[in-house]
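> Sending over model30.txt (compact mmCIF, C-alpha atoms).
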```
# COMPACT_ATOMS: atom_id res chain seq x y z
CA MET E 1 -0.96 -32.71 -2.77
CA ASN E 2 2.60 -33.65 -1.74
CA ASN E 3 4.47 -31.95 1.10
CA PRO E 4 6.53 -29.54 -1.07
CA GLU E 5 3.37 -28.31 -2.79
CA LEU E 6 1.60 -27.97 0.57
CA GLU E 7 4.49 -25.86 1.91
CA ILE E 8 4.24 -23.62 -1.18
CA LEU E 9 0.47 -23.29 -0.60
CA ILE E 10 1.08 -22.28 3.03
CA ARG E 11 3.57 -19.61 1.89
CA PHE E 12 1.06 -18.25 -0.63
CA VAL E 13 -1.63 -18.04 2.08
CA GLU E 14 0.82 -16.31 4.45
CA LYS E 15 1.67 -13.70 1.83
CA LYS E 16 -1.99 -13.10 0.89
CA PHE E 17 -2.99 -12.70 4.57
CA ASN E 18 -0.27 -10.03 4.87
CA ASN E 19 0.02 -10.09 8.66
CA GLY E 20 3.76 -10.54 9.07
CA SER E 21 5.67 -13.77 9.59
CA ARG E 22 3.51 -16.76 10.52
CA LYS E 23 6.05 -17.56 13.26
CA THR E 24 4.75 -14.54 15.20
CA TRP E 25 1.02 -15.25 14.75
CA LYS E 26 -1.14 -15.50 17.87
CA ASN E 27 -4.55 -17.11 18.34
CA LYS E 28 -6.34 -13.92 17.23
CA ASP E 29 -4.39 -13.98 13.95
CA PHE E 30 -5.62 -17.50 13.19
CA GLU E 31 -9.16 -16.45 14.12
CA GLN E 32 -8.88 -13.52 11.71
CA LEU E 33 -7.46 -15.77 8.96
CA SER E 34 -10.31 -18.28 9.44
CA PHE E 35 -12.85 -15.45 9.19
CA THR E 36 -11.23 -13.96 6.07
CA ILE E 37 -11.04 -17.31 4.25
CA HIS E 38 -14.67 -18.07 5.08
CA ARG E 39 -15.72 -14.62 3.90
CA GLN E 40 -14.02 -15.09 0.53
CA THR E 41 -14.61 -18.81 -0.16
CA LYS E 42 -17.71 -19.64 1.95
CA ILE E 43 -15.70 -22.59 3.36
CA LEU E 44 -14.99 -22.57 7.10
CA ILE E 45 -11.60 -23.82 8.29
CA SER E 46 -11.29 -24.15 12.07
CA VAL E 47 -8.61 -22.32 14.01
CA ALA E 48 -7.27 -25.70 15.21
CA THR E 49 -6.83 -26.93 11.63
CA LEU E 50 -5.07 -23.72 10.61
CA LYS E 51 -2.70 -24.03 13.57
CA ARG E 52 -1.81 -27.59 12.53
CA LEU E 53 -1.19 -26.52 8.95
CA PHE E 54 0.97 -23.57 9.97
CA GLY E 55 3.05 -25.56 12.44
CA LYS E 56 1.68 -24.06 15.66
CA VAL E 57 0.42 -27.49 16.79
CA LYS E 58 2.47 -30.66 16.36
CA THR E 59 0.97 -33.24 14.00
CA GLY E 60 1.89 -36.69 12.82
CA GLN E 61 4.24 -37.07 9.88
CA ASN E 62 1.44 -38.46 7.73
CA TYR E 63 -1.08 -35.71 8.59
CA SER E 64 -3.08 -34.72 5.53
CA PRO E 65 -5.75 -31.97 5.50
CA GLN E 66 -9.20 -32.54 4.09
CA PRO E 67 -9.70 -31.83 0.33
CA SER E 68 -12.23 -29.09 1.18
CA THR E 69 -9.59 -27.40 3.37
CA LEU E 70 -7.06 -27.47 0.54
CA ASP E 71 -9.66 -26.17 -1.91
CA ALA E 72 -10.47 -23.22 0.37
CA LEU E 73 -6.78 -22.34 0.84
CA LYS E 74 -6.21 -22.59 -2.92
CA GLN E 75 -9.16 -20.32 -3.68
CA TYR E 76 -8.12 -17.81 -1.03
CA SER E 77 -4.46 -17.60 -2.14
CA ASP E 78 -5.10 -17.96 -5.91
CA PHE E 79 -2.75 -20.96 -5.72
CA ASP E 80 -3.30 -22.38 -9.18
CA LYS E 81 -2.37 -19.15 -10.90
CA LEU E 82 0.61 -18.34 -8.66
CA TYR E 83 1.95 -21.91 -8.75
CA ALA E 84 1.73 -21.99 -12.54
CA GLU E 85 3.56 -18.66 -12.70
CA SER E 86 6.31 -19.93 -10.37
CA GLN E 87 6.74 -23.10 -12.44
CA GLU E 88 6.90 -21.03 -15.61
CA LYS E 89 9.52 -18.82 -13.98
CA LYS E 90 11.60 -21.89 -13.06
CA TYR E 91 11.23 -23.18 -16.62
CA ARG E 92 12.39 -19.87 -18.06
CA ARG E 93 15.41 -19.85 -15.73
CA ALA E 94 16.31 -23.40 -16.68
CA LYS E 95 15.89 -22.55 -20.36
CA LEU E 96 18.02 -19.44 -19.95
CA LEU E 97 20.69 -21.47 -18.17
CA MET E 98 20.66 -24.10 -20.92
CA TRP E 99 21.08 -21.53 -23.66
CA SER E 100 23.77 -19.78 -21.64
CA VAL E 101 25.73 -23.02 -21.38
CA ILE E 102 25.28 -23.71 -25.11
CA GLY E 103 26.35 -20.17 -25.89
CA ALA E 104 29.43 -20.49 -23.70
CA VAL E 105 30.45 -23.75 -25.37
CA VAL E 106 29.99 -22.27 -28.84
CA PHE E 107 32.00 -19.24 -27.84
CA CYS E 108 34.86 -21.33 -26.47
CA ILE E 109 34.99 -23.46 -29.65
CA PHE E 110 34.88 -20.37 -31.82
CA TYR E 111 37.63 -18.70 -29.76
CA LEU E 112 39.91 -21.73 -29.86
CA ILE E 113 39.48 -22.23 -33.62
CA ILE E 114 39.86 -18.63 -34.71
CA LEU E 115 42.42 -17.78 -31.95
CA ASN E 116 40.84 -14.40 -31.57
CA PRO E 117 41.89 -12.80 -28.30
CA GLU E 118 39.22 -10.14 -28.58
CA PRO E 119 35.86 -10.84 -26.92
CA VAL E 120 33.22 -11.78 -29.47
CA PHE E 121 30.11 -11.48 -27.25
CA GLU E 122 29.29 -9.06 -24.50
CA LYS E 123 28.91 -10.71 -21.11
CA GLU E 124 25.23 -10.87 -20.15
CA GLU E 125 24.49 -8.93 -17.00
CA ASN E 126 23.62 -11.31 -14.17
CA LEU E 127 20.36 -10.77 -12.35
CA VAL E 128 20.43 -10.67 -8.55
CA GLU E 129 18.38 -13.31 -6.73
CA GLY E 130 16.91 -12.45 -3.34
CA SER E 131 13.83 -11.94 -1.19
CA LEU E 132 12.46 -9.25 1.11
CA THR E 133 9.98 -10.42 3.77
CA LEU E 134 8.01 -8.28 6.20
CA THR E 135 8.17 -9.90 9.67
CA LYS E 136 6.62 -7.33 12.00
CA VAL E 137 5.13 -3.84 12.27
CA GLU E 138 5.71 -2.31 15.69
CA GLY E 139 3.47 0.42 17.07
CA LYS E 140 0.83 2.71 15.66
CA CYS E 141 1.83 5.85 13.82
CA PRO E 142 4.69 6.40 14.07
CA ALA E 143 5.64 2.77 13.44
CA THR E 144 8.71 0.66 12.71
CA ALA E 145 8.61 -2.17 10.17
CA PHE E 146 11.04 -5.11 10.36
CA PHE E 147 12.17 -7.16 7.36
CA ASP E 148 14.22 -10.28 6.65
CA VAL E 149 16.61 -10.06 3.70
CA GLU E 150 17.83 -13.11 1.80
CA MET E 151 20.25 -12.53 -1.05
CA GLU E 152 22.91 -14.36 -2.98
CA GLU E 153 26.45 -13.01 -2.85
CA THR E 154 26.87 -10.29 -5.46
CA ASP E 155 29.13 -7.38 -6.25
CA LYS E 156 26.10 -5.34 -7.33
CA VAL E 157 24.57 -2.74 -5.01
CA VAL E 158 21.14 -3.81 -3.76
CA ARG E 159 18.81 -1.28 -2.16
CA VAL E 160 15.42 -1.34 -0.46
CA HIS E 161 12.98 1.44 -1.35
CA PHE E 162 10.40 1.95 1.40
CA ASP E 163 7.70 3.79 -0.62
CA ASP E 164 7.45 6.76 1.76
CA ASN E 165 9.67 9.46 0.14
CA SER E 166 12.58 8.45 2.38
CA PRO E 167 16.07 7.59 1.05
CA SER E 168 16.61 3.97 -0.02
CA LYS E 169 18.85 1.71 2.07
CA VAL E 170 21.77 -0.45 0.87
CA VAL E 171 21.22 -4.00 2.19
CA ASN E 172 24.24 -5.94 0.86
CA GLY E 173 25.44 -8.34 3.54
CA GLN E 174 22.46 -7.69 5.85
CA LYS E 175 19.99 -10.32 7.07
CA HIS E 176 17.61 -8.12 9.05
CA ILE E 177 16.65 -4.47 8.55
CA SER E 178 14.09 -2.07 9.96
CA HIS E 179 12.50 1.17 8.80
CA PHE E 180 10.75 4.00 10.64
CA TYR E 181 7.47 5.20 9.11
CA PRO E 182 6.56 8.70 10.38
CA TYR E 183 3.08 8.95 8.87
CA PRO E 184 0.18 6.50 8.34
CA GLY E 185 -0.78 4.71 5.16
CA VAL E 186 -0.21 1.65 3.00
CA PHE E 187 3.34 1.18 1.72
CA ARG E 188 4.88 -1.34 -0.71
CA PRO E 189 8.65 -1.69 -0.10
CA GLN E 190 10.75 -3.05 -2.96
CA MET E 191 14.28 -4.45 -3.22
CA LYS E 192 16.08 -3.36 -6.39
CA SER E 193 19.47 -3.60 -8.06
CA ASN E 194 20.39 -1.08 -10.75
CA GLY E 195 16.73 -0.14 -10.96
CA ILE E 196 15.68 -3.76 -11.63
CA LEU E 197 13.16 -5.27 -9.19
CA VAL E 198 14.61 -8.13 -7.14
CA ASP E 199 11.64 -8.70 -4.81
CA SER E 200 8.78 -6.83 -3.16
CA SER E 201 7.60 -7.25 0.41
CA GLN E 202 4.03 -7.62 1.57
CA VAL E 203 2.35 -4.25 2.05
CA VAL E 204 3.11 -2.35 5.26
CA LEU E 205 0.03 -0.91 6.96
CA VAL E 206 0.82 1.89 9.41
CA GLU E 207 -2.27 2.38 11.58
CA THR E 208 -3.28 5.26 13.82
CA ASP E 209 -4.79 5.28 17.29
CA GLY E 210 -8.06 6.83 16.18
CA TRP E 211 -8.06 10.20 14.42
CA GLN E 212 -4.66 11.84 14.22
CA ALA E 213 -3.36 15.16 12.83
CA ILE E 214 0.09 15.75 11.30
CA SER E 215 1.65 18.79 9.62
CA HIS E 216 4.78 19.25 7.50
CA TYR E 217 6.32 21.63 5.00
CA PHE E 218 5.27 21.24 1.36
CA GLY E 219 7.70 19.54 -1.05
CA LYS E 220 9.37 16.12 -1.13
CA GLN E 221 12.76 17.53 -0.15
CA VAL E 222 11.40 18.84 3.16
CA GLN E 223 9.11 15.96 4.14
CA ALA E 224 11.66 14.29 6.38
CA ARG E 225 10.03 15.91 9.42
CA TYR E 226 6.40 15.24 10.22
CA HIS E 227 5.04 17.16 13.20
CA PRO E 228 2.27 15.46 15.21
CA MET E 229 -0.47 17.80 16.36
CA PRO E 230 -2.76 17.26 19.38
CA PHE E 231 -5.99 16.42 17.55
CA GLU E 232 -8.26 17.46 20.41
CA LYS E 233 -6.84 21.02 20.43
CA SER E 234 -7.97 21.58 16.83
CA TYR E 235 -11.30 19.74 17.15
CA SER E 236 -14.41 21.17 18.76
CA ASP E 237 -18.14 21.26 18.02
CA SER E 238 -17.67 18.47 15.41
CA ILE E 239 -15.30 20.70 13.38
CA PHE E 240 -11.59 20.13 12.84
CA HIS E 241 -9.57 23.26 12.10
CA ALA E 242 -5.87 23.72 12.77
CA THR E 243 -5.16 27.41 13.28
CA LYS E 244 -1.81 29.06 12.53
CA ARG E 245 -1.25 29.16 16.29
CA ASP E 246 -1.81 25.37 16.51
CA ILE E 247 0.64 24.78 13.65
CA SER E 248 3.24 27.20 15.00
CA ALA E 249 3.02 25.52 18.41
CA VAL E 250 4.41 22.25 16.98
CA GLY E 251 7.45 24.00 15.48
CA LEU E 252 6.45 24.97 11.92
CA ASP E 253 7.04 28.36 10.32
CA THR E 254 3.61 29.46 9.07
CA SER E 255 5.17 31.94 6.62
CA LYS E 256 6.08 28.87 4.55
CA VAL E 257 3.78 26.53 2.63
CA VAL E 258 2.46 23.98 5.11
CA VAL E 259 0.43 20.80 4.64
CA VAL E 260 -2.01 19.65 7.33
CA ARG E 261 -3.44 16.13 7.17
CA VAL E 262 -6.01 14.31 9.31
CA ASP E 263 -5.89 10.51 9.21
CA ASN E 264 -7.63 7.49 10.65
CA TYR E 265 -6.14 4.10 9.70
CA GLU E 266 -7.18 0.68 10.93
CA ARG E 267 -7.69 -2.69 9.23
CA THR E 268 -11.37 -3.41 8.45
CA GLU E 269 -13.42 -6.08 6.69
CA TYR E 270 -15.34 -3.56 4.58
CA SER E 271 -14.81 -3.58 0.81
CA GLY E 272 -13.34 -0.38 -0.60
CA ASP E 273 -15.35 -0.96 -3.79
CA SER E 274 -18.64 0.01 -2.12
CA PHE E 275 -18.93 2.90 0.34
CA HIS E 276 -20.50 6.33 0.83
CA LEU E 277 -18.34 9.21 2.09
CA LYS E 278 -19.83 12.54 3.13
CA ALA E 279 -17.99 15.60 4.43
CA THR E 280 -18.23 19.37 4.45
CA VAL E 281 -14.92 21.14 3.86
CA ARG E 282 -13.38 24.53 3.26
CA ASN E 283 -9.86 25.90 2.95
CA SER E 284 -8.01 28.93 4.26
CA THR E 285 -8.81 32.24 2.62
CA PHE E 286 -5.15 33.28 2.85
CA TRP E 287 -1.88 31.48 3.47
CA ALA E 288 1.52 32.94 2.69
CA GLY E 289 3.08 31.33 -0.39
CA VAL E 290 -0.11 29.48 -1.43
CA ARG E 291 -1.91 30.49 -4.63
CA CYS E 292 -3.59 27.17 -5.46
CA TYR E 293 -5.44 25.95 -2.40
CA SER E 294 -6.52 22.32 -2.34
CA VAL E 295 -8.39 19.75 -0.26
CA ILE E 296 -7.75 16.01 -0.72
CA LEU E 297 -10.22 13.32 0.32
CA LEU E 298 -8.83 9.79 0.33
CA VAL E 299 -10.25 6.33 1.06
CA GLN E 300 -7.35 3.86 1.20
CA GLY E 301 -7.73 0.15 0.47
CA THR E 302 -5.27 -2.70 0.84
CA GLN E 303 -4.72 -2.80 -2.96
CA GLY E 304 -5.50 0.74 -4.11
CA LYS E 305 -7.39 3.91 -3.31
CA VAL E 306 -10.17 6.33 -4.20
CA PHE E 307 -8.71 9.83 -4.14
CA ILE E 308 -9.99 13.24 -5.20
CA LYS E 309 -8.09 16.52 -5.04
CA LEU E 310 -10.30 19.60 -5.01
CA VAL E 311 -8.62 22.81 -6.14
CA GLN E 312 -9.76 26.39 -6.34
CA ASP E 313 -10.95 27.86 -9.64
CA GLY E 314 -8.05 28.58 -12.00
CA CYS E 315 -5.85 25.79 -10.62
CA SER E 316 -7.20 22.86 -12.65
CA GLY E 317 -3.67 21.92 -13.74
CA TYR E 318 -3.18 20.54 -10.21
CA SER E 319 -6.51 18.70 -9.98
CA ASP E 320 -6.19 14.96 -9.47
CA ILE E 321 -8.51 11.93 -9.43
CA VAL E 322 -7.49 8.36 -8.64
CA LEU E 323 -10.11 5.61 -8.77
CA GLY E 324 -8.39 2.25 -8.39
CA ASP E 325 -6.63 1.72 -11.72
CA VAL E 326 -8.02 4.92 -13.30
CA ARG E 327 -6.25 8.28 -12.93
CA TYR E 328 -6.85 11.79 -14.28
CA PHE E 329 -4.24 14.42 -13.36
CA GLY E 330 -4.59 17.94 -14.71
CA THR E 331 -6.76 16.71 -17.59
CA LYS E 332 -10.14 17.70 -18.93
CA GLU E 333 -11.77 14.96 -16.82
CA SER E 334 -10.21 16.25 -13.60
CA THR E 335 -11.14 19.93 -14.16
CA VAL E 336 -14.51 19.16 -12.53
CA MET E 337 -12.62 19.25 -9.23
CA ALA E 338 -11.98 23.00 -9.56
CA THR E 339 -14.40 24.84 -7.29
CA ASP E 340 -14.77 27.59 -4.68
CA LEU E 341 -13.12 26.41 -1.47
CA SER E 342 -13.40 29.66 0.48
CA ASP E 343 -16.78 28.69 1.96
CA TRP E 344 -18.22 25.44 3.29
CA LEU E 345 -18.67 22.87 0.49
CA ASP E 346 -20.65 19.63 0.80
CA VAL E 347 -18.76 16.70 -0.77
CA GLU E 348 -20.05 13.17 -1.40
CA ILE E 349 -18.20 10.20 -2.88
CA ILE E 350 -20.52 7.30 -3.65
CA ASN E 351 -18.89 4.04 -4.71
CA GLN E 352 -21.23 1.23 -5.80
CA GLU E 353 -19.36 -1.88 -6.94
CA LYS E 354 -16.49 0.12 -8.53
CA ASN E 355 -18.83 2.74 -10.02
CA VAL E 356 -17.97 6.10 -8.49
CA GLU E 357 -19.98 9.31 -8.36
CA VAL E 358 -18.63 12.57 -6.91
CA TRP E 359 -21.09 15.25 -5.81
CA LEU E 360 -20.04 18.83 -4.97
CA GLY E 361 -22.52 21.24 -3.44
CA GLY E 362 -25.43 18.96 -4.32
CA SER E 363 -24.48 18.56 -8.01
CA ARG E 364 -22.95 15.45 -9.55
CA VAL E 365 -19.65 16.38 -11.24
CA LEU E 366 -18.19 12.93 -11.97
CA LYS E 367 -19.39 9.44 -12.84
CA GLN E 368 -16.64 6.93 -13.57
CA SER E 369 -16.01 3.19 -13.11
CA TYR E 370 -12.79 1.26 -12.59
CA GLN E 371 -11.79 -2.39 -12.94
CA LYS E 372 -9.15 -3.39 -10.38
CA SER E 373 -10.42 -3.79 -6.81
CA ILE E 374 -8.87 -1.53 -4.17
CA GLY E 375 -9.32 -4.25 -1.52
CA ASP E 376 -10.65 -3.80 1.99
CA ILE E 377 -10.75 -0.31 3.52
CA VAL E 378 -7.86 0.39 5.90
CA GLY E 379 -7.98 4.16 6.28
CA THR E 380 -9.13 7.59 5.27
CA SER E 381 -7.40 10.98 5.05
CA ILE E 382 -8.29 14.65 4.65
CA ILE E 383 -5.33 16.75 3.49
CA PHE E 384 -5.09 20.55 3.20
CA HIS E 385 -2.45 22.74 1.53
CA GLY E 386 -2.34 25.57 3.98
CA SER E 387 -4.91 24.84 6.63
CA GLY E 388 -8.57 24.06 6.23
CA SER E 389 -11.62 22.81 8.06
CA VAL E 390 -13.79 19.70 7.91
CA ARG E 391 -17.08 18.91 9.62
CA ASP E 392 -19.79 16.24 9.49
CA PHE E 393 -17.40 13.60 8.17
CA GLU E 394 -19.03 10.21 7.67
CA LEU E 395 -17.93 6.99 5.97
CA VAL E 396 -20.54 4.20 5.76
CA ASN E 397 -21.00 0.89 3.98
CA PRO E 398 -23.84 0.18 1.49
CA ASP E 399 -26.15 -0.79 4.38
CA GLY E 400 -25.62 2.59 6.04
CA LEU E 401 -23.47 1.18 8.83
CA LYS E 402 -20.61 3.42 9.94
CA ILE E 403 -17.24 2.02 9.00
CA ALA E 404 -15.29 1.64 12.22
CA ILE E 405 -12.16 3.64 11.50
```
Show this structure as structure tokens.


Amino acid sequence: MNNPELEILIRFVEKKFNNGSRKTWKNKDFEQLSFTIHRQTKILISVATLKRLFGKVKTGQNYSPQPSTLDALKQYSDFDKLYAESQEKKYRRAKLLMWSVIGAVVFCIFYLIILNPEPVFEKEENLVEGSLTLTKVEGKCPATAFFDVEMEETDKVVRVHFDDNSPSKVVNGQKHISHFYPYPGVFRPQMKSNGILVDSSQVVLVETDGWQAISHYFGKQVQARYHPMPFEKSYSDSIFHATKRDISAVGLDTSKVVVVRVDNYERTEYSGDSFHLKATVRNSTFWAGVRCYSVILLVQGTQGKVFIKLVQDGCSGYSDIVLGDVRYFGTKESTVMATDLSDWLDVEIINQEKNVEVWLGGSRVLKQSYQKSIGDIVGTSIIFHGSGSVRDFELVNPDGLKIAI
């Protein structure tokens, strides 16, 4: 493998690892990368070798890694597929450029011969070239993400969409930008021009410091303010319940529709395609402005999620199920999530190699598989419209070991 190809391989590994710019990596990052590669490929690459490859340790000009090392990095980053796609993309650009030149020549000849001052062809809209790279995530929820922006000069407006219901940001002429994330989760920022994707960053993971509670008004237009709640004040005797007094104390008007969410987000090495979640939940019996009460249980992975939205009887139109690449929203399949939420309800989500079962009150109501992996587990959420309660929450792996989030 020549040096240009090796540099491309390193960039692919950096993007797959999704831990910010390699320039900022510390020893623990290389230890984590070595562990992750070994876990996926069964080939162990030492931390020292990774540091040499990623430029943290000076090496001779003729340094060449072992074939087994290259094979492991290729397997981990899916190099062959991505490299072939990049070469195909270059070929298509070159082909497009060639035909553009031929078209321009033909047009000029036609124009000069016919002496027609009117334009014969419409000018093809130029696509913007650029890249958006995540360099750092600062803090645990709330957090600030930092990005590098590279973009050719253009008169078109280019915006970054941060995937968190916030307004997009115009980035023309900027090299470095940042964005404040007020609530935890996995976000996929994208750079677009006229609605056309220019580039997408690595995913942004906003972690929490253990369990955390947040409340906000319902509706996208009023989600600019997220109010942190002292978790310990609403948690006692293994039960979490945010009272109207707790919610009012953080500045929310409880005569309006309020959403309360409880989150715990942290990177793990546990697959999201096999887990067992158990919880007992209930919702408020009355909340001003709420007719369709709901409880959402979410297990978030690096590439997708398992998500169920329980609703009270009569509100099936708002029921929702997301299992990786499968979704049912307000359909016949999702009506099984309509149930009585006024009293304690035992809920179980059992995922065995992308085959999901949902049990409510001891009865199985759903059995469904999905194809696309949701990646490693990075967080879990319980979300109430109004305010609700949860007790005996447990998330374990197939061996019964508690997942440390």

> Using Å and a single decimal, report how far CA of His227 in chain E sits from CA of Ser200 in chain E.

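The value is 29.3 Å.
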
> Tell me, as a VMD selection string, which residues lie within 10 Å of range 367-379 of chain E, counting only C-alpha atoms; anything in the same chain fewer than 3 positions away does not count.

chain E and resid 184 to 186 205 to 208 263 to 275 298 to 306 322 to 327 333 350 to 359 364 403 to 405

> Can you list, as a list in words, every protein, DNA or RNA residue that comes within 7 Å of Leu395 in chain E when you count all atoms listed in the file, leaving out same-chain residues fewer than 4 positions away?

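Listed by chain and then number, they are His276, Leu277, Lys278, Lys402 and Ile403 of chain E.
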
> To one decimal in Å, tell me the separation between CA of Cys141 in chain E and CA of Val390 in chain E.

21.7 Å

> I need the residue nearest Lys15 in chain E from this list: E:Phe393, E:Phe30, E:Phe35, E:Tyr76. Use only C-alpha atoms for the distance.

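Of all the options, E:Tyr76 lies closest to Lys15 in chain E.
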
> Residues within 9 Å of (-1.1, 19.8, 9.0), file coordinates, counting all atoms listed in the file: what are they? Give the list as a list of chain:residue names.

E:Ala213, E:Ile214, E:Ser215, E:His216, E:Tyr217, E:Tyr226, E:His227, E:Pro228, E:Met229, E:Ala242, E:Ile247, E:Val258, E:Val259, E:Val260, E:Arg261, E:Val262, E:Ile383, E:Phe384, E:His385, E:Gly386, E:Ser387

> Calculate how many Å separate CA of Leu252 in chain E from CA of Thr144 in chain E, rounding to one decimal.

24.4 Å

> Can you work out which one of E:Gln87, E:Thr69, E:Thr135, E:Thr254 has the shortest atom-to-atom distance to Arg22 in chain E, counting all atoms listed in the file?

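For Arg22 in chain E, the nearest of the given residues is E:Thr135.
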
> Would you kindly identify which residues have an atom no farther than 10 Å from (-9.5, -15.7, 5.5), using only C-alpha atoms and the file's own coordinates, and write them out as a short mmCIF file (atom, residue, chain, number, x, y, z; two decimals) with C-alpha atoms, keeping the file's coordinate frame?


```
data_model
loop_
_atom_site.label_atom_id
_atom_site.label_comp_id
_atom_site.auth_asym_id
_atom_site.auth_seq_id
_atom_site.Cartn_x
_atom_site.Cartn_y
_atom_site.Cartn_z
CA VAL E 13 -1.63 -18.04 2.08
CA LYS E 16 -1.99 -13.10 0.89
CA PHE E 17 -2.99 -12.70 4.57
CA PHE E 30 -5.62 -17.50 13.19
CA GLU E 31 -9.16 -16.45 14.12
CA GLN E 32 -8.88 -13.52 11.71
CA LEU E 33 -7.46 -15.77 8.96
CA SER E 34 -10.31 -18.28 9.44
CA PHE E 35 -12.85 -15.45 9.19
CA THR E 36 -11.23 -13.96 6.07
CA ILE E 37 -11.04 -17.31 4.25
CA HIS E 38 -14.67 -18.07 5.08
CA ARG E 39 -15.72 -14.62 3.90
CA GLN E 40 -14.02 -15.09 0.53
CA THR E 41 -14.61 -18.81 -0.16
CA LYS E 42 -17.71 -19.64 1.95
CA ILE E 43 -15.70 -22.59 3.36
CA LEU E 44 -14.99 -22.57 7.10
CA ILE E 45 -11.60 -23.82 8.29
CA ALA E 72 -10.47 -23.22 0.37
CA LEU E 73 -6.78 -22.34 0.84
CA TYR E 76 -8.12 -17.81 -1.03
CA SER E 77 -4.46 -17.60 -2.14
#
```

> Fewer than 6 positions away in the same chain doesn't count, so skip those; otherwise give me all residues within 7 Å of range 309-314 of chain E, counting only C-alpha atoms, as a count of residues only.

13

> When you look at Ser316 in chain E with a cut-off of 9 Å (counting only C-alpha atoms), what residues show up, excluding the ones that are within fewer than 6 positions of it in the same chain? I need them as a short mmCIF file (atom, residue, chain, number, x, y, z; two decimals) with C-alpha atoms, in the coordinates of the input.


```cif
data_model
loop_
_atom_site.label_atom_id
_atom_site.label_comp_id
_atom_site.auth_asym_id
_atom_site.auth_seq_id
_atom_site.Cartn_x
_atom_site.Cartn_y
_atom_site.Cartn_z
CA LEU E 310 -10.30 19.60 -5.01
CA PHE E 329 -4.24 14.42 -13.36
CA GLY E 330 -4.59 17.94 -14.71
CA THR E 331 -6.76 16.71 -17.59
CA LYS E 332 -10.14 17.70 -18.93
CA SER E 334 -10.21 16.25 -13.60
CA THR E 335 -11.14 19.93 -14.16
CA VAL E 336 -14.51 19.16 -12.53
CA MET E 337 -12.62 19.25 -9.23
CA ALA E 338 -11.98 23.00 -9.56
#
```

> I want to know what sits within 8 Å of Lys74 in chain E, based on all atoms listed in the file, with residues of the same chain fewer than 5 positions away left out; could you give that as a list in words?

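Here the answer would be Leu9, Phe79 and Asp80 of chain E.
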
> Counting all atoms listed in the file, which residue out of E:Ile349, E:Trp99, E:Thr380, E:Ser342 sits closest to Trp211 in chain E?

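Going through E:Ile349, E:Trp99, E:Thr380, E:Ser342 one by one, the smallest distance to Trp211 in chain E is for E:Thr380.
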
> First collect every listed atom of range 329-341 of chain E; then fit an axis-aligned box around them, widen it by 5 Å on each side, and give centre and edge lengths in Å to one decimal, as JSON.


```
{"center_x": -9.5, "center_y": 21.0, "center_z": -10.2, "size_x": 20.5, "size_y": 23.2, "size_z": 27.5}
```

> Which one of E:Glu348, E:Glu129, E:Ser201, E:Ala84 sits closest to Glu150 in chain E if you count all atoms listed in the file?

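Result for the nearest residue to Glu150 in chain E: E:Glu129.
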
> Taking into account all atoms listed in the file, which residue in the set E:Lys256, E:Lys140, E:His179, E:Arg188 is nearest to Val290 in chain E?

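The closest residue to Val290 in chain E is E:Lys256.
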
> Looking at E:Met98, E:Trp344, E:Arg282, E:Gly20, which one is nearest to Phe147 in chain E, with distances taken over only C-alpha atoms?

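Of the candidates, the smallest distance to Phe147 in chain E is held by E:Gly20.
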
> Will you model N, CA and C atoms for range 9-18 of chain E and pass it back as a CSV table (one decimal), in the frame of the given file?


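To be explicit, this is the file written out as out.csv:
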```csv
chain,number,residue,atom,x,y,z
E,9,LEU,N,1.8,-23.8,-0.8
E,9,LEU,CA,0.5,-23.3,-0.6
E,9,LEU,C,0.4,-22.5,0.7
E,10,ILE,N,1.1,-23.0,1.7
E,10,ILE,CA,1.1,-22.3,3.0
E,10,ILE,C,1.8,-20.9,2.9
E,11,ARG,N,2.9,-20.9,2.1
E,11,ARG,CA,3.6,-19.6,1.9
E,11,ARG,C,2.7,-18.6,1.1
E,12,PHE,N,1.9,-19.1,0.1
E,12,PHE,CA,1.1,-18.2,-0.6
E,12,PHE,C,0.0,-17.7,0.3
E,13,VAL,N,-0.6,-18.5,1.2
E,13,VAL,CA,-1.6,-18.0,2.1
E,13,VAL,C,-1.1,-17.0,3.0
E,14,GLU,N,0.2,-17.2,3.5
E,14,GLU,CA,0.8,-16.3,4.4
E,14,GLU,C,1.0,-14.9,3.8
E,15,LYS,N,1.4,-15.0,2.5
E,15,LYS,CA,1.7,-13.7,1.8
E,15,LYS,C,0.4,-13.0,1.5
E,16,LYS,N,-0.7,-13.7,1.2
E,16,LYS,CA,-2.0,-13.1,0.9
E,16,LYS,C,-2.6,-12.5,2.2
E,17,PHE,N,-2.4,-13.2,3.3
E,17,PHE,CA,-3.0,-12.7,4.6
E,17,PHE,C,-2.3,-11.4,5.0
E,18,ASN,N,-1.0,-11.3,4.7
E,18,ASN,CA,-0.3,-10.0,4.9
E,18,ASN,C,-0.3,-9.5,6.3
```
